[in-house]
$ cat work-v4.pdb   # PDB, C-alpha atoms and all ligand atoms
ATOM      1  CA  MET A   1     129.763 136.293 224.783
ATOM      2  CA  LYS A   2     129.600 134.949 221.228
ATOM      3  CA  LYS A   3     129.453 131.155 221.048
ATOM      4  CA  SER A   4     132.325 129.371 219.331
ATOM      5  CA  ILE A   5     131.101 127.095 216.559
ATOM      6  CA  ALA A   6     133.260 124.430 214.943
ATOM      7  CA  VAL A   7     132.482 122.515 211.782
ATOM      8  CA  CYS A   8     133.993 119.033 211.346
ATOM      9  CA  PRO A   9     133.536 118.310 207.627
ATOM     10  CA  GLY A  10     134.207 115.092 205.776
ATOM     11  CA  SER A  11     132.926 112.359 203.537
ATOM     12  CA  PHE A  12     132.569 109.962 206.498
ATOM     13  CA  ASP A  13     132.097 106.999 204.149
ATOM     14  CA  PRO A  14     131.996 105.415 206.707
ATOM     15  CA  VAL A  15     132.798 107.215 209.971
ATOM     16  CA  THR A  16     135.817 105.650 211.717
ATOM     17  CA  VAL A  17     137.106 105.749 215.296
ATOM     18  CA  GLY A  18     139.696 108.224 214.002
ATOM     19  CA  HIS A  19     136.870 110.606 213.090
ATOM     20  CA  THR A  20     134.958 110.120 216.360
ATOM     21  CA  ASP A  21     138.123 110.778 218.374
ATOM     22  CA  VAL A  22     138.746 114.121 216.623
ATOM     23  CA  ILE A  23     135.046 115.082 216.855
ATOM     24  CA  SER A  24     134.866 114.324 220.588
ATOM     25  CA  ARG A  25     137.947 116.473 221.182
ATOM     26  CA  ALA A  26     136.358 119.285 219.133
ATOM     27  CA  CYS A  27     133.291 119.020 221.389
ATOM     28  CA  SER A  28     135.434 119.803 224.417
ATOM     29  CA  LEU A  29     137.136 122.756 222.696
ATOM     30  CA  PHE A  30     134.135 124.552 221.153
ATOM     31  CA  ASP A  31     130.663 125.565 222.400
ATOM     32  CA  GLN A  32     128.927 123.993 219.418
ATOM     33  CA  VAL A  33     130.094 121.421 216.891
ATOM     34  CA  VAL A  34     128.486 120.654 213.544
ATOM     35  CA  VAL A  35     129.609 117.389 211.968
ATOM     36  CA  LEU A  36     129.067 118.115 208.305
ATOM     37  CA  VAL A  37     128.666 115.396 205.722
ATOM     38  CA  SER A  38     130.019 117.117 202.623
ATOM     39  CA  SER A  39     130.415 116.180 198.988
ATOM     40  CA  ASN A  40     133.870 115.212 197.811
ATOM     41  CA  PRO A  41     133.723 115.266 193.988
ATOM     42  CA  ASN A  42     136.838 113.060 193.844
ATOM     43  CA  LYS A  43     135.182 110.134 195.638
ATOM     44  CA  THR A  44     132.344 107.721 194.864
ATOM     45  CA  ALA A  45     130.485 107.010 198.079
ATOM     46  CA  LEU A  46     129.436 103.594 199.351
ATOM     47  CA  PHE A  47     126.719 105.109 201.574
ATOM     48  CA  SER A  48     124.248 107.810 200.534
ATOM     49  CA  ALA A  49     124.494 111.180 202.252
ATOM     50  CA  ASP A  50     121.377 110.387 204.335
ATOM     51  CA  GLU A  51     122.829 107.049 205.411
ATOM     52  CA  ARG A  52     126.093 108.683 206.432
ATOM     53  CA  VAL A  53     124.188 111.259 208.484
ATOM     54  CA  GLN A  54     122.258 108.446 210.228
ATOM     55  CA  LEU A  55     125.441 106.426 210.918
ATOM     56  CA  LEU A  56     127.115 109.516 212.369
ATOM     57  CA  LYS A  57     124.095 110.295 214.566
ATOM     58  CA  THR A  58     124.171 106.738 215.919
ATOM     59  CA  ALA A  59     127.940 106.748 216.462
ATOM     60  CA  LEU A  60     127.906 110.168 218.151
ATOM     61  CA  LYS A  61     124.949 109.858 220.537
ATOM     62  CA  GLY A  62     125.426 111.563 223.882
ATOM     63  CA  TYR A  63     127.145 114.843 222.985
ATOM     64  CA  ASP A  64     124.793 117.682 223.869
ATOM     65  CA  ASN A  65     126.721 120.361 221.923
ATOM     66  CA  LEU A  66     126.866 118.407 218.666
ATOM     67  CA  LYS A  67     124.647 118.088 215.613
ATOM     68  CA  VAL A  68     125.053 116.272 212.312
ATOM     69  CA  GLU A  69     124.105 117.938 209.030
ATOM     70  CA  TYR A  70     124.514 117.447 205.288
ATOM     71  CA  PHE A  71     125.484 120.282 202.936
ATOM     72  CA  ASP A  72     125.826 119.859 199.209
ATOM     73  CA  GLY A  73     127.885 122.916 198.401
ATOM     74  CA  LEU A  74     131.066 124.764 199.229
ATOM     75  CA  LEU A  75     132.236 124.318 202.793
ATOM     76  CA  ALA A  76     133.207 128.011 202.878
ATOM     77  CA  ASP A  77     129.612 128.995 202.058
ATOM     78  CA  TYR A  78     128.308 126.816 204.889
ATOM     79  CA  THR A  79     130.801 128.171 207.451
ATOM     80  CA  LYS A  80     129.933 131.721 206.379
ATOM     81  CA  LYS A  81     126.193 131.018 206.650
ATOM     82  CA  ILE A  82     126.393 129.717 210.232
ATOM     83  CA  GLY A  83     129.182 132.090 211.397
ATOM     84  CA  ALA A  84     131.581 129.239 212.226
ATOM     85  CA  THR A  85     134.677 130.026 214.271
ATOM     86  CA  ALA A  86     136.659 127.078 212.975
ATOM     87  CA  ILE A  87     136.843 124.151 210.597
ATOM     88  CA  VAL A  88     138.318 121.249 212.579
ATOM     89  CA  LYS A  89     140.193 118.502 210.752
ATOM     90  CA  GLY A  90     142.252 115.581 211.984
ATOM     91  CA  LEU A  91     145.797 115.402 210.690
ATOM     92  CA  ARG A  92     147.352 111.965 210.272
ATOM     93  CA  ALA A  93     150.588 111.157 208.484
ATOM     94  CA  MET A  94     152.591 113.670 206.443
ATOM     95  CA  SER A  95     150.764 112.404 203.361
ATOM     96  CA  ASP A  96     147.657 114.284 204.554
ATOM     97  CA  PHE A  97     149.481 117.531 204.845
ATOM     98  CA  GLU A  98     149.576 118.860 201.287
ATOM     99  CA  TYR A  99     145.922 118.047 200.601
ATOM    100  CA  GLU A 100     144.752 119.498 203.916
ATOM    101  CA  PHE A 101     146.971 122.577 203.553
ATOM    102  CA  GLN A 102     145.530 123.264 200.095
ATOM    103  CA  MET A 103     141.948 122.959 201.383
ATOM    104  CA  ALA A 104     142.678 125.129 204.435
ATOM    105  CA  LEU A 105     144.183 127.904 202.292
ATOM    106  CA  THR A 106     141.325 127.743 199.770
ATOM    107  CA  ASN A 107     138.696 127.861 202.510
ATOM    108  CA  LYS A 108     140.496 130.809 204.134
ATOM    109  CA  ARG A 109     140.472 132.660 200.797
ATOM    110  CA  LEU A 110     136.763 131.971 200.301
ATOM    111  CA  ASN A 111     135.795 132.816 203.889
ATOM    112  CA  PRO A 112     138.526 134.683 205.841
ATOM    113  CA  ALA A 113     136.379 134.707 209.008
ATOM    114  CA  THR A 114     136.768 130.967 209.655
ATOM    115  CA  GLU A 115     140.095 129.413 210.697
ATOM    116  CA  THR A 116     141.074 125.815 209.976
ATOM    117  CA  VAL A 117     142.305 124.055 213.120
ATOM    118  CA  PHE A 118     144.164 120.739 212.854
ATOM    119  CA  LEU A 119     144.063 118.205 215.668
ATOM    120  CA  THR A 120     146.748 115.556 215.496
ATOM    121  CA  THR A 121     145.292 112.115 215.327
ATOM    122  CA  LYS A 122     145.903 109.563 218.071
ATOM    123  CA  ALA A 123     149.008 107.492 217.259
ATOM    124  CA  GLU A 124     146.969 104.308 216.822
ATOM    125  CA  ASN A 125     144.771 106.013 214.216
ATOM    126  CA  MET A 126     147.679 107.408 212.236
ATOM    127  CA  TYR A 127     147.052 105.255 209.172
ATOM    128  CA  LEU A 128     143.328 104.708 209.615
ATOM    129  CA  SER A 129     141.036 105.904 206.836
ATOM    130  CA  SER A 130     137.554 105.129 205.521
ATOM    131  CA  SER A 131     139.132 103.734 202.334
ATOM    132  CA  MET A 132     141.300 101.367 204.377
ATOM    133  CA  VAL A 133     138.243 100.210 206.342
ATOM    134  CA  LYS A 134     136.384  99.461 203.084
ATOM    135  CA  GLN A 135     139.365  97.618 201.655
ATOM    136  CA  VAL A 136     139.913  95.470 204.775
ATOM    137  CA  ALA A 137     136.211  94.602 205.047
ATOM    138  CA  SER A 138     135.856  93.834 201.352
ATOM    139  CA  MET A 139     138.627  91.239 201.696
ATOM    140  CA  GLY A 140     137.026  89.599 204.713
ATOM    141  CA  GLY A 141     139.132  91.322 207.391
ATOM    142  CA  ASP A 142     137.900  92.330 210.826
ATOM    143  CA  ILE A 143     137.102  96.045 210.956
ATOM    144  CA  SER A 144     135.912  96.078 214.586
ATOM    145  CA  PRO A 145     138.992  98.022 215.814
ATOM    146  CA  PHE A 146     138.387 100.717 213.203
ATOM    147  CA  VAL A 147     134.708 101.690 213.376
ATOM    148  CA  PRO A 148     132.466 102.601 216.341
ATOM    149  CA  PRO A 149     130.922  99.370 217.773
ATOM    150  CA  VAL A 150     127.330 100.653 217.359
ATOM    151  CA  ILE A 151     127.678 100.913 213.587
ATOM    152  CA  LEU A 152     129.927  97.896 212.973
ATOM    153  CA  LYS A 153     127.115  95.648 211.727
ATOM    154  CA  ALA A 154     125.610  98.267 209.395
ATOM    155  CA  VAL A 155     129.000  98.948 207.846
ATOM    156  CA  THR A 156     130.016  95.277 207.531
ATOM    157  CA  ASP A 157     126.647  94.324 206.003
ATOM    158  CA  ARG A 158     126.808  97.091 203.389
ATOM    159  CA  ILE A 159     130.391  96.350 202.384
ATOM    160  CA  ASN A 160     129.692  92.591 202.153
ATOM    161  CA  LYS A 161     126.577  93.247 200.068
ATOM    162  CA  THR A 162     128.460  95.546 197.715
ATOM    163  CA  VAL A 163     131.288  93.029 197.259
ATOM    164  CA  LYS A 164     128.752  90.241 196.615
ATOM    165  CA  ASN A 165     126.889  92.337 194.024
ATOM    166  CA  ARG A 166     130.146  93.269 192.318
ATOM    167  CA  LYS A 167     131.222  89.613 192.108
ATOM    168  CA  GLU A 168     127.836  88.633 190.640
ATOM    169  CA  GLU A 169     128.099  91.391 188.037
ATOM    170  CA  GLU A 170     131.554  90.157 187.044
ATOM    171  CA  LYS A 171     130.304  86.577 186.473
TER     172      LYS A 171
HETATM  173  O1  LIG B 201     136.813 113.167 204.204
HETATM  174  P1  LIG B 201     137.304 113.921 203.005
HETATM  175  O2  LIG B 201     136.757 113.308 201.723
HETATM  176  O3  LIG B 201     138.795 114.084 202.976
HETATM  177  O4  LIG B 201     136.691 115.383 203.155
HETATM  178  C1  LIG B 201     136.881 116.335 202.131
HETATM  179  C2  LIG B 201     135.766 117.382 202.199
HETATM  180  C3  LIG B 201     134.412 116.696 202.021
HETATM  181  C4  LIG B 201     135.818 118.084 203.547
HETATM  182  C5  LIG B 201     136.011 118.386 201.051
HETATM  183  O5  LIG B 201     135.994 117.709 199.822
HETATM  184  C6  LIG B 201     134.979 119.518 201.057
HETATM  185  O6  LIG B 201     135.136 120.460 201.795
HETATM  186  N1  LIG B 201     133.945 119.378 200.210
HETATM  187  C7  LIG B 201     132.900 120.385 200.087
HETATM  188  C8  LIG B 201     133.067 121.154 198.753
HETATM  189  C9  LIG B 201     134.146 122.205 198.903
HETATM  190  O7  LIG B 201     134.036 123.137 199.667
HETATM  191  N2  LIG B 201     135.238 122.024 198.133
HETATM  192  C10 LIG B 201     136.386 122.901 198.184
HETATM  193  C11 LIG B 201     137.298 122.511 199.322
HETATM  194  S1  LIG B 201     138.663 123.585 199.434
END

$ encode --input "work-v4.pdb" --output "structure tokens"
Amino acid sequence: MKKSIAVCPGSFDPVTVGHTDVISRACSLFDQVVVLVSSNPNKTALFSADERVQLLKTALKGYDNLKVEYFDGLLADYTKKIGATAIVKGLRAMSDFEYEFQMALTNKRLNPATETVFLTTKAENMYLSSSMVKQVASMGGDISPFVPPVILKAVTDRINKTVKNRKEEEK
């Protein structure tokens, strides 16, 4: 029988516990899962694509049906290339809906063979986002509840360094 392949795309800048929860659930629903670091032209990233791939690999060790990749192109082209069954996205508050709906419909138009599947986020992750993590950390807040413990130091160090550099530039 044909293997079901899911792609979990995102900026993952950085990966949060909201992401890892959705990805682990995708791993139990599909034969193979590709966590895809993708380019979002609307965002400036704190971590390079390679760094994000490394952070994801560290945070997601132990799943034998999962791999992490980077693709600098249209998601629909990638899903077509690998014959993906589904694009899996986490859905948080209603505010996500319009943006996610638009992407799902566009991806369906570009590659009708791949369905977008939404998994509802856990209630405690409802308002969690990478942007929120960066904002909390940059103001000295504790981000340990929001990112996987194994990457906490890497993320905190980078955000602190960026804030420090920014402050020095402003002097
Ligand atoms: O985590 P994000 O930033 O909300 O993820 C958005 C992402 C990266 C999945 C989206 O921007 C994307 O699919 N980028 C790849 C380029 C592409 O296919 N753009 C058209 C999307 S309809």

$ resolve_selection --input "work-v4.pdb" --expression "the PyMOL selection byres (((chain A and resi 27) around 12) and not hetatm)" --output "ChimeraX atom specification"
/A:4-8,20-26,28-35,60,62-67,88

$ atom_distance --input "work-v4.pdb" --atom1 "CA of Tyr99 in chain A" --atom2 "atom C3 of ligand LIG 201 (chain B)"
11.7 Å

$ axis_aligned_box --input "work-v4.pdb" --around "ligand LIG 201 (chain B)" --padding-each-side "6 Å" --output "lines of an AutoDock Vina configuration file"
center_x = 135.8
center_y = 118.4
center_z = 201.2
size_x = 17.9
size_y = 22.4
size_z = 18.1

$ closest_atom_pairs --input "work-v4.pdb" --of "chain A" --to "ligand LIG 201 (chain B)" --cutoff "10 Å" --atoms "all atoms listed in the file" --output "JSON lines"
{"residue": "A:Val7", "atom": "CA", "partner": "B:LIG201", "partner_atom": "C4", "distance": 9.9}
{"residue": "A:Cys8", "atom": "CA", "partner": "B:LIG201", "partner_atom": "C4", "distance": 8.1}
{"residue": "A:Pro9", "atom": "CA", "partner": "B:LIG201", "partner_atom": "C4", "distance": 4.7}
{"residue": "A:Gly10", "atom": "CA", "partner": "B:LIG201", "partner_atom": "O1", "distance": 3.6}
{"residue": "A:Ser11", "atom": "CA", "partner": "B:LIG201", "partner_atom": "O1", "distance": 4.0}
{"residue": "A:Phe12", "atom": "CA", "partner": "B:LIG201", "partner_atom": "O1", "distance": 5.8}
{"residue": "A:Asp13", "atom": "CA", "partner": "B:LIG201", "partner_atom": "O1", "distance": 7.8}
{"residue": "A:Pro14", "atom": "CA", "partner": "B:LIG201", "partner_atom": "O1", "distance": 9.5}
{"residue": "A:Val15", "atom": "CA", "partner": "B:LIG201", "partner_atom": "O1", "distance": 9.2}
{"residue": "A:His19", "atom": "CA", "partner": "B:LIG201", "partner_atom": "O1", "distance": 9.2}
{"residue": "A:Leu36", "atom": "CA", "partner": "B:LIG201", "partner_atom": "C4", "distance": 8.3}
{"residue": "A:Val37", "atom": "CA", "partner": "B:LIG201", "partner_atom": "C3", "distance": 7.0}
{"residue": "A:Ser38", "atom": "CA", "partner": "B:LIG201", "partner_atom": "C3", "distance": 4.5}
{"residue": "A:Ser39", "atom": "CA", "partner": "B:LIG201", "partner_atom": "N1", "distance": 4.9}
{"residue": "A:Asn40", "atom": "CA", "partner": "B:LIG201", "partner_atom": "O5", "distance": 3.8}
{"residue": "A:Pro41", "atom": "CA", "partner": "B:LIG201", "partner_atom": "O5", "distance": 6.7}
{"residue": "A:Asn42", "atom": "CA", "partner": "B:LIG201", "partner_atom": "O5", "distance": 7.6}
{"residue": "A:Lys43", "atom": "CA", "partner": "B:LIG201", "partner_atom": "O2", "distance": 7.0}
{"residue": "A:Thr44", "atom": "CA", "partner": "B:LIG201", "partner_atom": "O2", "distance": 9.9}
{"residue": "A:Ala45", "atom": "CA", "partner": "B:LIG201", "partner_atom": "O2", "distance": 9.6}
{"residue": "A:Phe71", "atom": "CA", "partner": "B:LIG201", "partner_atom": "C7", "distance": 7.9}
{"residue": "A:Asp72", "atom": "CA", "partner": "B:LIG201", "partner_atom": "C7", "distance": 7.1}
{"residue": "A:Gly73", "atom": "CA", "partner": "B:LIG201", "partner_atom": "C8", "distance": 5.5}
{"residue": "A:Leu74", "atom": "CA", "partner": "B:LIG201", "partner_atom": "O7", "distance": 3.4}
{"residue": "A:Leu75", "atom": "CA", "partner": "B:LIG201", "partner_atom": "O7", "distance": 3.8}
{"residue": "A:Ala76", "atom": "CA", "partner": "B:LIG201", "partner_atom": "O7", "distance": 5.9}
{"residue": "A:Asp77", "atom": "CA", "partner": "B:LIG201", "partner_atom": "O7", "distance": 7.7}
{"residue": "A:Tyr78", "atom": "CA", "partner": "B:LIG201", "partner_atom": "O7", "distance": 8.6}
{"residue": "A:Thr79", "atom": "CA", "partner": "B:LIG201", "partner_atom": "O7", "distance": 9.8}
{"residue": "A:Ile87", "atom": "CA", "partner": "B:LIG201", "partner_atom": "C4", "distance": 9.4}
{"residue": "A:Val88", "atom": "CA", "partner": "B:LIG201", "partner_atom": "C4", "distance": 9.9}
{"residue": "A:Lys89", "atom": "CA", "partner": "B:LIG201", "partner_atom": "C4", "distance": 8.4}
{"residue": "A:Gly90", "atom": "CA", "partner": "B:LIG201", "partner_atom": "O3", "distance": 9.8}
{"residue": "A:Asp96", "atom": "CA", "partner": "B:LIG201", "partner_atom": "O3", "distance": 9.0}
{"residue": "A:Tyr99", "atom": "CA", "partner": "B:LIG201", "partner_atom": "O3", "distance": 8.5}
{"residue": "A:Glu100", "atom": "CA", "partner": "B:LIG201", "partner_atom": "O3", "distance": 8.1}
{"residue": "A:Phe101", "atom": "CA", "partner": "B:LIG201", "partner_atom": "S1", "distance": 9.3}
{"residue": "A:Gln102", "atom": "CA", "partner": "B:LIG201", "partner_atom": "S1", "distance": 6.9}
{"residue": "A:Met103", "atom": "CA", "partner": "B:LIG201", "partner_atom": "S1", "distance": 3.9}
{"residue": "A:Ala104", "atom": "CA", "partner": "B:LIG201", "partner_atom": "S1", "distance": 6.6}
{"residue": "A:Leu105", "atom": "CA", "partner": "B:LIG201", "partner_atom": "S1", "distance": 7.6}
{"residue": "A:Thr106", "atom": "CA", "partner": "B:LIG201", "partner_atom": "S1", "distance": 4.9}
{"residue": "A:Asn107", "atom": "CA", "partner": "B:LIG201", "partner_atom": "S1", "distance": 5.3}
{"residue": "A:Lys108", "atom": "CA", "partner": "B:LIG201", "partner_atom": "S1", "distance": 8.8}
{"residue": "A:Arg109", "atom": "CA", "partner": "B:LIG201", "partner_atom": "S1", "distance": 9.4}
{"residue": "A:Leu110", "atom": "CA", "partner": "B:LIG201", "partner_atom": "S1", "distance": 8.6}
{"residue": "A:Ser129", "atom": "CA", "partner": "B:LIG201", "partner_atom": "O1", "distance": 8.8}
{"residue": "A:Ser130", "atom": "CA", "partner": "B:LIG201", "partner_atom": "O1", "distance": 8.2}
{"residue": "A:Ser131", "atom": "CA", "partner": "B:LIG201", "partner_atom": "O2", "distance": 9.9}

$ atom_distance --input "work-v4.pdb" --atom1 "CA of Arg158 in chain A" --atom2 "CA of Lys122 in chain A"
27.1 Å

$ residues_around --input "work-v4.pdb" --residues "Leu91 in chain A" --least-positions-apart "3" --cutoff "7 Å" --atoms "all atoms listed in the file" --output "VMD selection string"
chain A and resid 96 118 to 121

$ residues_around --input "work-v4.pdb" --residues "Ala113 in chain A" --least-positions-apart "5" --cutoff "8 Å" --atoms "only C-alpha atoms" --output "mmCIF file with C-alpha atoms, keeping the file's coordinate frame"
data_model
loop_
_atom_site.group_PDB
_atom_site.id
_atom_site.type_symbol
_atom_site.label_atom_id
_atom_site.label_comp_id
_atom_site.auth_asym_id
_atom_site.auth_seq_id
_atom_site.Cartn_x
_atom_site.Cartn_y
_atom_site.Cartn_z
ATOM 1 C CA LYS A 80 129.933 131.721 206.379
ATOM 2 C CA ALA A 84 131.581 129.239 212.226
ATOM 3 C CA THR A 85 134.677 130.026 214.271
ATOM 4 C CA LYS A 108 140.496 130.809 204.134
#

$ closest_residue --input "work-v4.pdb" --among "A:Pro148, A:Thr114, A:Tyr127, A:Gly141" --to "Lys81 in chain A" --atoms "all atoms listed in the file"
A:Thr114

$ closest_residue --input "work-v4.pdb" --among "A:Ala137, A:Ile143, A:Ala59, A:Ala86" --to "Pro112 in chain A" --atoms "all atoms listed in the file"
A:Ala86

$ closest_residue --input "work-v4.pdb" --among "A:Val133, A:Glu169, A:Gly83, A:Val163" --to "Lys3 in chain A" --atoms "all atoms listed in the file"
A:Gly83

$ closest_residue --input "work-v4.pdb" --among "A:Lys164, A:Arg92, A:Lys2, A:Arg52" --to "Asn125 in chain A" --atoms "only C-alpha atoms"
A:Arg92

$ closest_residue --input "work-v4.pdb" --among "A:Thr116, A:Ser95, A:Thr58, A:Ser144" --to "Val17 in chain A" --atoms "all atoms listed in the file"
A:Ser144

$ closest_residue --input "work-v4.pdb" --among "A:Val117, A:Ile159, A:Leu56, A:Ala49" --to "Met139 in chain A" --atoms "all atoms listed in the file"
A:Ile159

$ atom_distance --input "work-v4.pdb" --atom1 "CA of Phe146 in chain A" --atom2 "CA of Ala123 in chain A"
13.2 Å
